[in-house]
Amino acid sequence: MSVEANGVEILAEIKSEKVETPVGELEVKLSVPAGKPAAVALMIHGVVDKDEIRWEWGAFVEKLRERKVACICPNLHSCDRTFPRLDAGPEDALEALKALIPWAYEKLELESTSEVPFLVYGKSWGGARALELCFSLTDDKQPLAGLVLACPAKCYREDWAECVSRLTVPVLLVWSKDDQVLDFKEGSEPLLAALNSRKGAGTLFAPAEEGGHRIDKIAAANEGIARKIIEFADLIGPLAALAARNAGSD
C-alpha cells in the first residue's frame, strides 16, 4: 500500500475502482494511507452531478491521508439506483453505502470493522444520507465512531429528531451563514437542538461566516473549521469525555 524512496515512506495513490453492491455497480475512490490506517472515513457528496460537487470532500482527503485516515469516496451518480434524487427515498443509496464498509476494510487489510474507528462525513443531500446511515448502523449495533455533517438536507424520516437523540457518537456540524441553498438558521437550529439534547454524546458546532453551500469553500475561508474537519478523528475522544462529564454533572 506504500512505497519507499530513499528510505522514506511515500503515501499510495488514490485508487479508483468499480464496486459491486446489492443495488448495482458503483464508482469509488479509496484513499489509502501509508501503513495501517488509524481510522476510516466514508465521505458522501451532495446532489448535484458535477465533478466539483462529487469531489467536494476531496479538499480534505490528502490531509486526512497524512493523518493515516483512509477515505472512501463513492460516486453515487454512477449507479441508476443510487443516483441522488430529491423526490426518491434513500433505501437503495443506504444499501450501497453499507456494502462499501466491509469492502473498504478488506481492501485496507483490516480484519474487522471494529479494528479502527469508522467515521461518516456527509454534505447537503449526502448529509441526510450520512445521518440515515448512522441511524441504521446504530440500530444494527454496528461500529461507528463519529459523524461530520456539512449543511445537511432534511432526512426522509419523520422521526429524524428521535433518531438523532439515539446517536451516541460525537458529531461535528458545519454550516455557513451565507448558505443560499439550505438556510443557516432554519436548518442548523432544529438539528443542533436535537444533537444537544443527547446525554453523554458530544456535539461540536462550527458556524462559518462565508463559504456558501460548498464545504470546500467553507474550509478555504475558515482555517479553524478546516482544521476541525481534518482533525475530527483526534477530537472524538475529548468530545466524548467532555460529554460524559457534563452528563454526570446534570
# chains A, B, ... in the order shown; residues from 1 in each chain; ligands from 1

$ closest_atom_pairs --of "range 180-237 of chain A" --to "range 125-147 of chain A" --cutoff "9 Å" --atoms "only C-alpha atoms" --output "CSV"
residue,atom,partner,partner_atom,distance
A:Phe232,CA,A:Gly146,CA,8.2
A:Ala233,CA,A:Gly146,CA,7.7
A:Ile236,CA,A:Gly146,CA,6.8

$ select_by_dssp --residues "range 51-104 of chain A" --states "helix (DSSP H, G or I)" --output "PyMOL selection string"
chain A and resi 51-54+58-66+76-78+91-104

$ residues_around --residues "Leu108 in chain A" --least-positions-apart "3" --cutoff "9 Å" --atoms "only C-alpha atoms" --output "list of chain:residue names"
A:Met1, A:Val32, A:Lys36, A:Pro37, A:Ala70, A:Trp103, A:Ala104, A:Tyr105, A:Glu111

$ residues_around --residues "range 77-79 of chain A" --least-positions-apart "4" --cutoff "7 Å" --atoms "only C-alpha atoms" --output "PyMOL selection string"
chain A and resi 24-27+49+83-84

$ write_last_selection --atoms "N, CA and C atoms" --output "short mmCIF file (atom, residue, chain, number, x, y, z; two decimals), in the first residue's frame"
data_model
loop_
_atom_site.label_atom_id
_atom_site.label_comp_id
_atom_site.auth_asym_id
_atom_site.auth_seq_id
_atom_site.Cartn_x
_atom_site.Cartn_y
_atom_site.Cartn_z
N GLY A 24 -26.26 -2.48 -7.39
CA GLY A 24 -25.60 -2.18 -8.65
C GLY A 24 -24.14 -1.77 -8.45
N GLU A 25 -23.48 -1.52 -9.57
CA GLU A 25 -22.06 -1.18 -9.55
C GLU A 25 -21.85 0.30 -9.29
N LEU A 26 -20.91 0.60 -8.40
CA LEU A 26 -20.59 1.98 -8.03
C LEU A 26 -19.14 2.30 -8.33
N GLU A 27 -18.89 3.51 -8.81
CA GLU A 27 -17.52 4.02 -8.90
C GLU A 27 -17.12 4.55 -7.52
N ASP A 49 -24.84 16.77 -9.96
CA ASP A 49 -23.99 15.87 -10.74
C ASP A 49 -22.92 16.67 -11.49
N PHE A 83 -28.54 7.02 -7.71
CA PHE A 83 -28.44 8.38 -8.26
C PHE A 83 -29.23 9.34 -7.37
N PRO A 84 -28.59 10.41 -6.88
CA PRO A 84 -29.28 11.32 -5.97
C PRO A 84 -30.51 11.98 -6.61
#

$ atom_distance --atom1 "CA of Lys217 in chain A" --atom2 "CA of Glu56 in chain A"
9.0 Å

$ residues_around --residues "range 97-100 of chain A" --least-positions-apart "5" --cutoff "9 Å" --atoms "only C-alpha atoms" --output "tab-separated table (two decimals) with N, CA and C atoms, in the first residue's frame"
chain	number	residue	atom	x	y	z
A	19	VAL	N	-17.18	-1.04	-7.80
A	19	VAL	CA	-17.51	-1.96	-6.72
A	19	VAL	C	-18.94	-2.46	-6.89
A	20	GLU	N	-19.10	-3.78	-6.84
A	20	GLU	CA	-20.43	-4.36	-6.89
A	20	GLU	C	-21.11	-4.24	-5.52
A	21	THR	N	-22.33	-3.70	-5.52
A	21	THR	CA	-23.13	-3.60	-4.30
A	21	THR	C	-24.46	-4.30	-4.53
A	22	PRO	N	-25.28	-4.49	-3.51
A	22	PRO	CA	-26.57	-5.16	-3.70
A	22	PRO	C	-27.51	-4.44	-4.67
A	28	VAL	N	-15.95	4.13	-7.06
A	28	VAL	CA	-15.49	4.51	-5.72
A	28	VAL	C	-14.02	4.89	-5.77
A	42	LEU	N	-16.02	7.40	5.53
A	42	LEU	CA	-16.88	7.34	4.36
A	42	LEU	C	-17.41	8.74	4.10
A	44	ILE	N	-19.70	11.32	1.82
A	44	ILE	CA	-20.86	11.28	0.94
A	44	ILE	C	-21.13	12.67	0.38
A	72	ILE	N	-13.16	6.70	1.92
A	72	ILE	CA	-13.99	6.05	0.91
A	72	ILE	C	-14.86	7.13	0.29
A	74	PRO	N	-17.49	7.45	-2.60
A	74	PRO	CA	-18.30	6.88	-3.68
A	74	PRO	C	-18.89	7.95	-4.58
A	92	ASP	N	-32.04	2.55	-1.45
A	92	ASP	CA	-31.00	1.96	-2.31
A	92	ASP	C	-29.63	2.55	-2.04
A	105	TYR	N	-12.74	-2.09	4.24
A	105	TYR	CA	-11.92	-2.65	5.30
A	105	TYR	C	-11.11	-3.83	4.79
A	133	LEU	N	-27.64	6.71	7.45
A	133	LEU	CA	-26.70	5.59	7.57
A	133	LEU	C	-26.32	5.38	9.03
A	137	LEU	N	-26.76	2.08	11.28
A	137	LEU	CA	-25.64	1.42	11.94
A	137	LEU	C	-25.86	1.34	13.45

$ closest_residue --among "A:Pro117, A:Pro90, A:Gly58, A:Gly211" --to "Phe184 in chain A" --atoms "only C-alpha atoms"
A:Gly211

$ residues_around --residues "Leu235 in chain A" --least-positions-apart "3" --cutoff "12 Å" --atoms "only C-alpha atoms" --output "PyMOL selection string"
chain A and resi 119+145-148+169-172+202-204+227-232+238-242

$ select_by_dssp --residues "range 94-175 of chain A" --states "strand (DSSP E)" --output "number ranges by chain"
A: 118-123, 146-150, 171-175

$ atom_distance --atom1 "CA of Glu62 in chain A" --atom2 "CA of Cys155 in chain A"
29.6 Å

$ atom_distance --atom1 "CA of Val116 in chain A" --atom2 "CA of Ser31 in chain A"
15.5 Å

$ residues_around --residues "range 161-164 of chain A" --least-positions-apart "2" --cutoff "9 Å" --atoms "only C-alpha atoms" --output "list in words"
Leu131, Glu132, Phe135, Arg157, Glu158, Asp159, Arg166, Leu167, Thr168, Pro190, Leu191, Ala194, Leu195 and Arg198 of chain A
